[in-house]
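Data from upload_33.csv: CSV, C-alpha atoms
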chain,number,residue,atom,x,y,z
A,1,ARG,CA,76.5,155.2,29.5
A,2,ARG,CA,79.1,157.4,31.3
A,3,LYS,CA,81.9,155.5,29.6
A,4,ARG,CA,80.1,156.0,26.2
A,5,ARG,CA,79.6,159.7,27.0
A,6,ALA,CA,83.2,160.1,28.0
A,7,ASP,CA,84.3,158.3,24.8
A,8,ARG,CA,82.0,160.5,22.9
A,9,ASP,CA,83.3,163.7,24.5
A,10,GLY,CA,86.9,162.5,24.1
A,11,GLY,CA,86.3,161.7,20.5
A,12,ALA,CA,84.7,165.0,19.6
A,13,PRO,CA,86.0,166.5,16.3
A,14,THR,CA,88.4,169.4,16.9
A,15,ILE,CA,88.5,171.9,14.0
A,16,ASN,CA,91.2,174.4,14.0
A,17,VAL,CA,90.0,177.5,12.4
A,18,VAL,CA,92.6,180.3,11.7
A,19,TYR,CA,90.9,183.5,12.5
A,20,PRO,CA,92.5,186.8,11.3
A,21,PRO,CA,93.9,189.0,14.0
A,22,ALA,CA,91.4,191.5,15.3
A,23,PRO,CA,92.3,195.1,14.4
A,24,ASP,CA,93.4,197.4,17.2
A,25,PHE,CA,91.3,200.5,16.7
A,26,ASP,CA,92.9,202.3,19.6
A,27,ALA,CA,96.4,202.1,18.0
A,28,GLU,CA,95.2,203.3,14.6
A,29,PRO,CA,95.4,207.0,14.0
A,30,LEU,CA,92.3,209.1,13.7
A,31,THR,CA,91.3,209.7,10.1
A,32,ASP,CA,88.5,211.3,8.3
A,33,SER,CA,85.1,209.6,7.8
A,34,GLY,CA,85.8,209.3,4.2
A,35,GLU,CA,88.5,206.7,4.7
A,36,GLU,CA,87.7,203.0,4.6
A,37,MET,CA,88.1,200.8,7.7
A,38,PRO,CA,90.1,197.6,7.3
A,39,MET,CA,88.0,194.4,6.9
A,40,TYR,CA,88.0,191.6,9.6
A,41,PHE,CA,87.9,188.8,7.0
A,42,THR,CA,90.5,189.2,4.3
A,43,ARG,CA,89.7,186.0,2.4
A,44,PRO,CA,86.3,184.4,1.6
A,45,GLN,CA,87.5,181.0,2.8
A,46,GLN,CA,87.8,182.2,6.4
A,47,LEU,CA,84.1,182.9,6.6
A,48,LEU,CA,83.3,179.5,5.1
A,49,ASP,CA,85.6,177.8,7.6
A,50,VAL,CA,83.8,179.5,10.5
A,51,PHE,CA,80.4,178.4,9.1
A,52,ILE,CA,81.6,174.8,8.6
A,53,ALA,CA,83.1,174.7,12.2
A,54,LEU,CA,79.9,176.0,13.7
A,55,GLU,CA,77.8,173.6,11.6
A,56,GLU,CA,79.9,170.6,12.8
A,57,GLN,CA,79.6,171.8,16.4
A,58,ASN,CA,75.9,172.1,16.0
A,59,LEU,CA,75.7,168.6,14.6
A,60,PHE,CA,77.8,167.2,17.4
A,61,LEU,CA,75.5,168.9,20.0
A,62,ILE,CA,72.4,167.6,18.2
A,63,GLN,CA,73.8,164.1,18.3
A,64,ASN,CA,74.6,164.5,22.0
A,65,SER,CA,71.1,165.8,22.8
A,66,GLN,CA,69.5,162.9,20.9
A,67,GLU,CA,71.6,160.3,22.8
A,68,THR,CA,70.8,162.0,26.0
A,69,GLU,CA,67.1,161.9,25.2
A,70,GLN,CA,67.4,158.2,24.3
A,71,ALA,CA,69.2,157.6,27.7
A,72,LEU,CA,66.5,159.5,29.4
A,73,GLU,CA,63.7,157.5,27.7
A,74,ASP,CA,65.5,154.3,28.8
A,75,LEU,CA,65.7,155.5,32.3
A,76,LYS,CA,62.0,156.5,32.3
A,77,THR,CA,61.1,153.0,30.9
A,78,SER,CA,63.2,151.2,33.5
A,79,TYR,CA,61.7,153.5,36.2
A,80,ARG,CA,58.2,152.6,35.1
A,81,GLU,CA,58.9,148.9,35.1
A,82,THR,CA,60.6,149.1,38.5
A,83,ARG,CA,57.7,151.1,39.8
A,84,LYS,CA,55.2,148.4,38.6
A,85,LYS,CA,57.2,145.6,40.2
A,86,MET,CA,57.6,147.5,43.4
A,87,ASP,CA,53.8,148.3,43.4
A,88,LYS,CA,53.0,144.6,43.0
A,89,LYS,CA,55.4,143.7,45.8
A,90,THR,CA,54.0,146.4,48.0
A,91,THR,CA,50.4,145.2,47.4
A,92,ALA,CA,51.4,141.6,48.1
A,93,LEU,CA,53.2,142.6,51.3
A,94,GLU,CA,50.2,144.7,52.4
A,95,GLU,CA,47.9,141.7,51.8
A,96,ASN,CA,50.3,139.5,53.8
A,97,ILE,CA,50.3,142.0,56.6
A,98,GLN,CA,46.5,142.1,56.7
A,99,ALA,CA,46.4,138.3,56.7
A,100,LEU,CA,49.0,138.2,59.5
A,101,LYS,CA,47.1,140.7,61.5
A,102,GLY,CA,43.9,138.6,61.2
A,103,GLN,CA,45.9,135.5,62.3
A,104,ILE,CA,47.4,137.5,65.2
A,105,ALA,CA,43.9,138.6,66.3
A,106,SER,CA,42.6,135.0,66.2
A,107,GLU,CA,45.6,133.8,68.1
A,108,GLU,CA,45.1,136.6,70.7
A,109,GLY,CA,41.5,135.4,71.1
A,110,LYS,CA,42.7,131.8,71.7
A,111,LYS,CA,45.3,133.1,74.1
A,112,VAL,CA,42.6,134.9,76.1
A,113,GLN,CA,40.4,131.8,76.2
A,114,LEU,CA,43.4,129.6,77.3
A,115,ALA,CA,44.3,132.1,79.9
A,116,LYS,CA,40.8,131.9,81.3
A,117,ARG,CA,40.9,128.2,81.4
A,118,VAL,CA,44.3,128.2,83.1
A,119,ALA,CA,43.1,130.7,85.6
A,120,LYS,CA,40.2,128.4,86.5
A,121,SER,CA,42.3,125.3,87.0
A,122,ALA,CA,45.5,127.1,88.2
A,123,GLY,CA,46.1,125.0,91.3
A,124,HIS,CA,45.7,121.5,89.8
A,125,THR,CA,47.4,122.5,86.6
A,126,GLN,CA,50.4,123.9,88.5
A,127,GLU,CA,50.8,120.7,90.5
A,128,LYS,CA,50.5,118.6,87.4
A,129,GLN,CA,53.1,120.8,85.6
A,130,GLU,CA,55.5,120.5,88.5
A,131,LYS,CA,55.1,116.7,88.6
A,132,LEU,CA,55.5,116.6,84.8
A,133,LEU,CA,58.7,118.7,84.9
A,134,LEU,CA,60.2,116.6,87.6
A,135,SER,CA,59.5,113.4,85.7
A,136,LEU,CA,60.9,114.9,82.5
A,137,GLY,CA,64.0,116.1,84.4
A,138,ASP,CA,64.5,112.5,85.7
A,139,LYS,CA,64.2,111.0,82.2
A,140,VAL,CA,66.6,113.6,80.8
A,141,LYS,CA,69.1,112.8,83.5
A,142,GLU,CA,68.8,109.1,82.9
A,143,VAL,CA,69.5,109.7,79.1
A,144,TYR,CA,72.3,112.0,80.1
A,145,GLN,CA,74.0,109.4,82.2
A,146,ARG,CA,73.5,106.7,79.5
A,147,CYS,CA,75.2,108.9,77.0
A,148,GLY,CA,78.4,108.9,79.1
A,149,PHE,CA,78.1,112.3,80.7
A,150,ASP,CA,78.8,113.0,84.4
A,151,SER,CA,75.7,114.2,86.4
A,152,SER,CA,77.4,114.3,89.8
A,153,SER,CA,77.3,118.1,89.8
A,154,ASN,CA,73.5,118.1,89.4
A,155,PRO,CA,73.3,120.1,86.1
A,156,SER,CA,70.1,121.8,85.0
A,157,THR,CA,67.8,120.2,82.5
A,158,LEU,CA,68.5,122.9,79.9
A,159,PHE,CA,72.2,122.3,80.3
A,160,MET,CA,71.8,118.5,79.9
A,161,LEU,CA,69.6,119.0,76.8
A,162,SER,CA,72.2,121.4,75.2
A,163,ASP,CA,75.0,118.8,75.8
A,164,LEU,CA,72.8,116.0,74.3
A,165,GLU,CA,71.9,118.2,71.3
A,166,ALA,CA,75.6,118.9,70.7
A,167,GLN,CA,76.5,115.2,70.9
A,168,LEU,CA,73.6,114.4,68.6
A,169,GLU,CA,74.8,116.9,66.0
A,170,ASP,CA,78.3,115.3,66.1
A,171,LEU,CA,76.8,111.8,65.7
A,172,LEU,CA,74.7,112.9,62.8
A,173,THR,CA,77.8,114.5,61.1
A,174,SER,CA,79.8,111.4,61.6
A,175,LEU,CA,76.9,109.3,60.3
A,176,GLU,CA,76.8,111.2,57.0
A,177,LEU,CA,80.4,110.3,56.4
A,178,MET,CA,79.8,106.6,56.8
A,179,PRO,CA,79.0,104.3,53.8
A,180,GLU,CA,75.3,104.1,53.0
A,181,ASP,CA,75.2,100.3,52.9
A,182,TYR,CA,76.8,100.0,56.3
A,183,VAL,CA,74.3,102.5,57.7
A,184,LYS,CA,71.3,100.6,56.3
A,185,ALA,CA,72.6,97.3,57.6
A,186,VAL,CA,73.1,98.7,61.1
A,187,GLU,CA,69.6,100.4,61.0
A,188,LYS,CA,68.0,97.0,60.1
A,189,GLN,CA,69.9,95.3,62.9
A,190,LYS,CA,68.9,98.0,65.4
A,191,ASP,CA,65.3,97.8,64.3
A,192,LYS,CA,65.3,94.0,64.7
A,193,LYS,CA,66.7,94.4,68.3
A,194,ARG,CA,64.2,97.0,69.1
A,195,ARG,CA,61.3,94.8,67.9
A,196,GLU,CA,62.7,91.9,69.9
A,197,ALA,CA,63.0,94.0,73.0
A,198,LYS,CA,59.5,95.3,72.6
A,199,ARG,CA,58.1,91.8,72.2
A,200,ALA,CA,60.0,90.7,75.3
A,201,GLU,CA,58.6,93.7,77.2
A,202,GLN,CA,55.1,92.8,76.1
A,203,LYS,CA,55.6,89.2,77.1
A,204,GLU,CA,56.8,90.3,80.5
A,205,LEU,CA,53.9,92.6,80.9
A,206,GLN,CA,51.4,89.9,79.9
A,207,LYS,CA,53.2,87.5,82.3
A,208,ALA,CA,52.9,90.1,85.1
A,209,LEU,CA,49.2,90.6,84.4
A,210,GLN,CA,48.6,86.8,84.4
A,211,ASP,CA,50.5,86.4,87.6
A,212,LYS,CA,48.4,89.1,89.2
A,213,LYS,CA,45.2,87.4,88.0
A,214,ASN,CA,46.4,84.1,89.3
A,215,LYS,CA,47.2,85.6,92.7
A,216,ILE,CA,43.8,87.2,92.9
A,217,ALA,CA,42.2,83.9,92.0
A,218,ILE,CA,44.2,82.0,94.6
A,219,LEU,CA,43.3,84.5,97.3
A,220,ARG,CA,39.7,84.3,96.3
A,221,SER,CA,39.7,80.5,96.4
A,222,MET,CA,41.3,80.5,99.9
A,223,GLN,CA,38.6,82.8,101.3
A,224,PRO,CA,35.7,81.1,103.1
A,225,PRO,CA,32.4,81.0,101.1
A,226,PRO,CA,30.2,83.9,101.9
A,227,LYS,CA,27.3,83.3,104.2
A,228,ARG,CA,23.8,83.6,102.7
A,229,VAL,CA,21.6,86.1,104.5
A,230,GLY,CA,17.9,86.2,104.1
A,231,ARG,CA,15.3,83.8,102.8
A,232,GLN,CA,16.6,80.8,101.0
A,233,VAL,CA,16.0,80.7,97.3
A,234,MET,CA,13.4,78.2,96.3
A,235,TYR,CA,13.8,76.5,93.0
A,236,ARG,CA,10.8,75.8,90.8
A,237,SER,CA,9.9,72.1,90.5
A,238,GLN,CA,9.9,70.5,87.1
A,239,PRO,CA,6.5,69.4,85.6
A,240,PRO,CA,5.8,65.7,85.4
A,241,ARG,CA,6.8,64.0,82.2
A,242,ARG,CA,4.2,62.4,80.0
A,243,LYS,CA,4.8,59.1,78.5
A,244,VAL,CA,3.8,58.8,74.8
A,245,LYS,CA,2.7,55.4,73.7
A,246,MET,CA,3.6,54.4,70.1
A,247,GLU,CA,0.9,52.3,68.4
A,248,THR,CA,2.2,49.6,66.1
A,249,LYS,CA,0.0,48.8,63.1
A,250,THR,CA,0.1,45.3,61.8
A,251,GLU,CA,-0.7,44.9,58.1
A,252,THR,CA,-2.6,41.9,56.7
A,253,GLN,CA,-1.3,39.6,54.0
A,254,GLU,CA,-3.7,41.1,51.5
A,255,GLU,CA,-2.5,44.6,52.1
A,256,LEU,CA,1.1,43.4,51.7
A,257,ASP,CA,0.2,41.7,48.4
A,258,GLU,CA,-1.4,44.9,47.1
A,259,ILE,CA,1.6,47.0,48.0
A,260,LYS,CA,3.9,44.6,46.3
A,261,PHE,CA,1.7,44.5,43.2
A,262,PHE,CA,1.5,48.3,42.8
A,263,THR,CA,5.1,48.9,43.5
Take the structure in the file and give it back as structure tokens.
Amino acid sequence: RRKRRADRDGGAPTINVVYPPAPDFDAEPLTDSGEEMPMYFTRPQQLLDVFIALEEQNLFLIQNSQETEQALEDLKTSYRETRKKMDKKTTALEENIQALKGQIASEEGKKVQLAKRVAKSAGHTQEKQEKLLLSLGDKVKEVYQRCGFDSSSNPSTLFMLSDLEAQLEDLLTSLELMPEDYVKAVEKQKDKKRREAKRAEQKELQKALQDKKNKIAILRSMQPPPKRVGRQVMYRSQPPRRKVKMETKTETQEELDEIKFFT
């Protein structure tokens, strides 16, 4: 718009109107009132030129004012649209702020409850945490040594974790540069070895458990039988068995003939 306005101002029509020289009344001699004063315009075309120039200047100013009004309307429209968008964003942000405040309040309530629980079991929890931190430090140190780092200076756990993280990032970067088929094949091979190691570990664990059970059974068998204390248990006698006699019926010849006839 500034460029258009500058072009418009630079391209404004310039009309050169030749005005007659203004009369110098002081230099003129004093005359009687009956004498006629000289006229400012000596030709009719001079007045028409002045009117035309003023009309063109008025038209130019009207055009400028119309363009300025159009630009002002455009600015008002863009301002209204921008205001609507900003109002929507402001409303959404306020809703998010209220939701976050509610979440913060709920989390603060949970924090108070957890603080109460921790205060109740402070002694036992602190001991457990110290033991857990020591065990975690030992495991991190073991991994740190396996990765080829020197732990003779007794570095802190955070220092070891930062070194491990940096090495892991380097390994991941180099892994992305390797061929995909090679990476998949190596992953399958490593998974296979991991499963085999896990199965061997489970077998060793089962074997250790079985050996422990066998040792317990052997120790139990080597111990003398426990002595019975108190009255001896009397077993109930079985009732006498009754013998059932089977009667055998002998059929006569007539009965046999009848059975043969009817069958």
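CA of Glu176 in chain A to CA of Thr157 in chain A spans 28.5 Å [interatomic distance, one decimal].
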For CA of Lys139 in chain A and CA of Ser151 in chain A, determine how far apart the two atoms are, in Å to one decimal place.
12.7 Å
Do you have the CA of Ala119 in chain A-CA of Gln103 in chain A distance handy?
24.0 Å
